[in-house]
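Okay, run37.cif is below, mmCIF, C-alpha atoms:
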data_protein
loop_
_atom_site.label_atom_id
_atom_site.label_comp_id
_atom_site.auth_asym_id
_atom_site.auth_seq_id
_atom_site.Cartn_x
_atom_site.Cartn_y
_atom_site.Cartn_z
CA MET A 122 8.22 9.61 42.73
CA GLU A 123 8.29 13.31 41.88
CA PRO A 124 7.35 14.39 38.33
CA GLY A 125 10.26 15.59 36.22
CA ILE A 126 10.89 17.75 33.16
CA GLY A 127 8.57 16.76 30.32
CA THR A 128 5.80 15.48 32.60
CA ARG A 129 2.36 16.54 31.38
CA LEU A 130 0.16 18.16 34.00
CA GLN A 131 -3.34 19.58 34.28
CA HIS A 132 -4.03 22.68 36.40
CA THR A 133 -7.61 23.63 37.23
CA GLN A 134 -6.95 27.33 36.54
CA PHE A 135 -4.31 27.24 33.74
CA GLY A 136 -5.26 24.03 31.92
CA PRO A 137 -2.80 21.53 30.39
CA GLY A 138 0.93 22.09 30.60
CA VAL A 139 4.37 20.50 30.63
CA ILE A 140 7.07 20.81 33.29
CA VAL A 141 10.05 22.66 31.81
CA ASP A 142 12.09 23.07 35.01
CA VAL A 143 12.06 21.58 38.50
CA ARG A 144 13.02 23.79 41.43
CA LEU A 145 13.33 23.08 45.14
CA SER A 146 9.71 23.80 46.04
CA SER A 147 8.11 24.59 42.67
CA TYR A 148 7.81 23.65 39.00
CA LEU A 149 8.17 25.89 36.00
CA ILE A 150 5.31 24.76 33.77
CA SER A 151 4.64 25.80 30.20
CA PHE A 152 0.87 26.05 29.81
CA ILE A 153 -0.65 25.97 26.34
CA HIS A 154 -2.81 29.05 26.83
CA HIS A 155 -1.07 30.87 29.67
CA GLY A 156 2.66 30.60 28.97
CA ILE A 157 5.23 29.67 31.60
CA LYS A 158 4.12 29.85 35.24
CA GLU A 159 5.86 28.93 38.45
CA ILE A 160 3.59 26.61 40.45
CA ASP A 161 4.17 25.36 43.98
CA LYS A 162 4.78 21.59 44.11
CA LYS A 163 2.06 21.24 46.76
CA ASP A 164 -0.60 23.13 44.74
CA ASP A 165 -3.87 21.14 45.04
CA ALA A 166 -5.04 22.42 41.63
CA LEU A 167 -2.23 20.46 39.91
CA ASP A 168 -2.71 16.88 38.65
CA GLU A 169 -0.39 14.69 36.60
CA ILE A 170 -1.85 13.54 33.29
CA ILE A 171 -1.36 9.80 33.06
CA PRO A 172 -0.83 8.62 29.45
CA GLU A 173 -3.82 6.21 29.62
CA GLN A 174 -6.06 9.24 30.25
CA ILE A 175 -4.95 10.94 27.04
CA LYS A 176 -7.43 10.55 24.21
CA PRO A 177 -6.11 10.82 20.67
CA VAL A 178 -7.14 14.08 19.11
CA GLY A 179 -6.56 15.18 15.53
CA GLU A 180 -4.79 13.30 12.80
CA THR A 181 -2.91 10.02 12.90
CA SER A 182 0.82 10.08 12.23
CA SER A 183 0.32 8.84 8.66
CA GLU A 184 -2.22 11.63 8.00
CA VAL A 185 0.20 14.18 9.46
CA GLU A 186 2.97 12.79 7.24
CA LYS A 187 0.78 13.08 4.14
CA SER A 188 -0.20 16.64 5.04
CA LEU A 189 3.42 17.59 5.66
CA LEU A 190 4.53 16.13 2.33
CA GLN A 191 1.81 18.10 0.54
CA ILE A 192 2.94 21.31 2.24
CA LEU A 193 6.59 20.63 1.43
CA ARG A 194 5.79 19.92 -2.21
CA TYR A 195 3.76 23.10 -2.48
CA TRP A 196 6.19 25.49 -0.78
CA ASN A 197 9.60 23.93 -1.35
CA GLY A 198 9.30 22.91 -4.95
CA ILE A 199 9.48 19.19 -4.41
CA GLY A 200 7.81 17.91 -7.55
CA GLU A 201 6.29 14.65 -8.54
CA PRO A 202 8.70 12.06 -9.90
CA VAL A 203 9.51 12.74 -13.54
CA ALA A 204 10.84 9.96 -15.75
CA LEU A 205 13.87 10.26 -17.97
CA GLY A 206 13.44 8.87 -21.49
CA ASP A 207 14.61 5.26 -21.70
CA ARG A 208 17.15 5.96 -24.43
CA TRP A 209 19.01 8.40 -22.14
CA LYS A 210 19.31 6.14 -19.07
CA ASN A 211 22.94 5.55 -18.08
CA GLY A 212 23.91 8.00 -20.82
CA MET A 213 26.70 10.56 -20.69
CA MET A 214 26.81 14.13 -21.99
CA LEU A 215 30.14 15.15 -23.43
CA LEU A 216 30.92 18.87 -23.59
CA HIS A 217 33.85 19.80 -25.82
CA PRO A 218 35.45 23.22 -25.29
CA ALA A 219 36.50 25.18 -28.39
CA ASP A 220 40.07 25.22 -27.09
CA LYS A 221 41.42 21.75 -27.98
CA SER A 222 44.07 21.99 -25.26
CA LEU A 223 41.31 21.78 -22.64
CA LYS A 224 39.74 18.50 -21.58
CA PRO A 225 36.11 17.74 -22.42
CA LYS A 226 33.63 17.52 -19.54
CA GLU A 227 31.50 14.42 -19.05
CA VAL A 228 28.17 14.79 -17.25
CA PRO A 229 25.83 11.87 -16.54
CA VAL A 230 22.52 12.50 -18.33
CA GLU A 231 20.59 11.56 -15.16
CA MET A 232 22.37 14.33 -13.22
CA PHE A 233 21.71 16.90 -15.94
CA PHE A 234 18.07 15.77 -16.21
CA HIS A 235 17.63 16.09 -12.43
CA LYS A 236 18.87 19.70 -12.63
CA ILE A 237 16.40 20.46 -15.44
CA VAL A 238 13.51 18.99 -13.42
CA MET A 239 14.56 21.00 -10.34
CA LEU A 240 14.62 24.15 -12.49
CA ARG A 241 11.12 23.39 -13.76
CA ASP A 242 9.80 22.74 -10.24
CA ARG A 243 11.29 25.99 -8.94
CA LEU A 244 9.72 27.90 -11.81
CA ARG A 245 6.37 26.41 -10.82
CA VAL A 246 6.86 27.52 -7.21
CA LEU A 247 7.81 30.99 -8.46
CA GLU A 248 4.58 31.05 -10.49
CA GLN A 249 2.56 30.08 -7.41
CA ASN A 250 4.25 32.75 -5.32
CA ILE A 251 3.60 35.41 -7.96
CA ASN A 252 -0.04 34.41 -8.36
CA SER A 253 -0.69 34.41 -4.61
CA HIS A 254 1.33 37.58 -3.88
CA LYS A 255 -0.72 40.09 -1.89
CA VAL A 256 1.10 43.28 -2.96
CA LEU A 257 1.64 42.79 -6.69
CA THR A 258 -1.01 44.25 -8.96
CA ASP A 259 -2.74 42.08 -11.55
CA GLU A 260 -0.71 43.87 -14.24
CA ASP A 261 2.56 43.09 -12.41
CA LYS A 262 1.53 39.45 -12.03
CA LEU A 263 0.67 39.23 -15.73
CA ASN A 264 4.03 40.76 -16.77
CA LEU A 265 5.99 38.38 -14.54
CA GLN A 266 3.90 35.42 -15.73
CA GLN A 267 4.76 36.30 -19.35
CA TYR A 268 8.49 36.18 -18.52
CA ILE A 269 8.05 32.75 -16.96
CA THR A 270 6.15 31.55 -20.04
CA ARG A 271 9.06 32.73 -22.21
CA ILE A 272 11.49 30.88 -19.95
CA TYR A 273 9.46 27.70 -20.44
CA GLY A 274 9.63 28.32 -24.18
CA SER A 275 13.42 28.62 -24.00
CA LEU A 276 13.61 25.29 -22.20
CA THR A 277 11.62 23.29 -24.79
CA THR A 278 14.94 22.07 -26.24
CA PHE A 279 15.23 19.77 -23.22
CA ASN A 280 11.86 18.09 -23.85
CA VAL A 281 13.75 15.36 -25.72
CA LEU A 282 14.99 14.09 -22.32
CA PHE A 283 11.52 13.49 -20.85
CA ARG A 284 9.87 10.10 -21.19
CA ASP A 285 6.31 11.45 -20.94
CA LYS A 286 5.00 14.26 -23.11
CA GLU A 287 2.87 15.67 -20.25
CA ASP A 288 6.12 16.58 -18.42
CA TRP A 289 7.39 18.73 -21.30
CA PHE A 290 8.11 22.43 -21.11
CA VAL A 291 5.50 24.47 -22.97
CA GLY A 292 5.95 28.10 -23.97
CA GLU A 293 3.48 30.40 -25.69
CA LYS A 294 1.27 28.44 -28.06
CA GLY A 295 0.26 29.86 -31.42
CA SER A 296 1.19 33.46 -30.70
CA LYS A 297 4.13 33.87 -33.02
CA GLU A 298 5.01 37.48 -33.69
CA GLU A 299 5.83 38.26 -37.28
#
Please, can you express the file's structure as structure tokens?
Amino acid sequence: MEPGIGTRLQHTQFGPGVIVDVRLSSYLISFIHHGIKEIDKKDDALDEIIPEQIKPVGETSSEVEKSLLQILRYWNGIGEPVALGDRWKNGMMLLHPADKSLKPKEVPVEMFFHKIVMLRDRLRVLEQNINSHKVLTDEDKLNLQQYITRIYGSLTTFNVLFRDKEDWFVGEKGSKEE
């Protein structure tokens, strides 16, 4: 049976590759180090790689998954799970407009809390991006970092929602201007 698209091959000159197209008398093969080449089907330098011959190289799928999750957390702002305080579970926020002819808005506390945690995680990613930025000067980084610290300080009101104190927002400590 003739190899088809997706078949892994080894070529003595070009190394390992995968068939990406089958033509009448040739294969289009994508080689790892040499790009796409058209190779005659009768080329003696071409051998099919049989799956039993393939030796596992690199990480296992669970190691790859762990690595990917770490990367996603670092770059996409996916934070560690943060617990809502027990007294707020299944709670409801009620927002009353000043105009009594308008209806109040109910917001589940869990939904509001989730938004606060997402905001915190995105601020952390912003901090990481500022600190690792290659073009910003140290002075620029410091100025931007001070704004972020002030933002954290503005968000301390929401600390009451967090179950654990280590998850709280913290602004500038002990540097009160008089």
Practice task
List, as a PyMOL selection string, every residue that the PyMOL selection byres ((chain A and resi 122-129) around 12) selects in the file provided.
Solution key: chain A and resi 130-132+136-153+162-163+167-172+174-175
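In this structure, atom CA of A:Arg271 sits 7.0 Å away from atom CA of A:Glu293.
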Practice task
Name every residue that the PyMOL selection byres ((chain A and resi 227-229) around 6) selects in this structure, writing the answer as a list in words with chains first and numbers rising.
Solution key: Met213, Met214, Leu215, Lys226, Val230, Glu231 and Met232 of chain A
Limited to C-alpha atoms, could you put the picked residues into a file as a compact mmCIF listing (two decimals), in the frame of the given file?
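Contents of out.txt, freshly written:
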# COMPACT_ATOMS: atom_id res chain seq x y z
CA MET A 213 26.70 10.56 -20.69
CA MET A 214 26.81 14.13 -21.99
CA LEU A 215 30.14 15.15 -23.43
CA LYS A 226 33.63 17.52 -19.54
CA VAL A 230 22.52 12.50 -18.33
CA GLU A 231 20.59 11.56 -15.16
CA MET A 232 22.37 14.33 -13.22
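In this model, the gap between atom CA of A:Asp165 and atom CA of A:Thr133 comes to 9.0 Å.
If all atoms listed in the file are the atoms counted, then among A:Leu244, A:Gly292, A:Met239, A:Val256 the closest residue to A:Thr278 is A:Gly292.
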Handout entry: the PyMOL selection byres ((chain A and resi 262-269) around 12) resolved against shown file, as number ranges by chain
Key = A: 240-241, 243-261, 270-276, 290-293
Exercise for the section: Take atom CA of A:Leu223 and atom CA of A:Trp209 and report the distance between them in Å, one decimal. Expected result: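 Atom CA of A:Trp209 lies at a distance of 26.0 Å from atom CA of A:Leu223.
Nearest residue to A:Ala204 among A:Ala219, A:His235, A:Lys158, A:Pro225 is A:His235, counting all atoms listed in the file.
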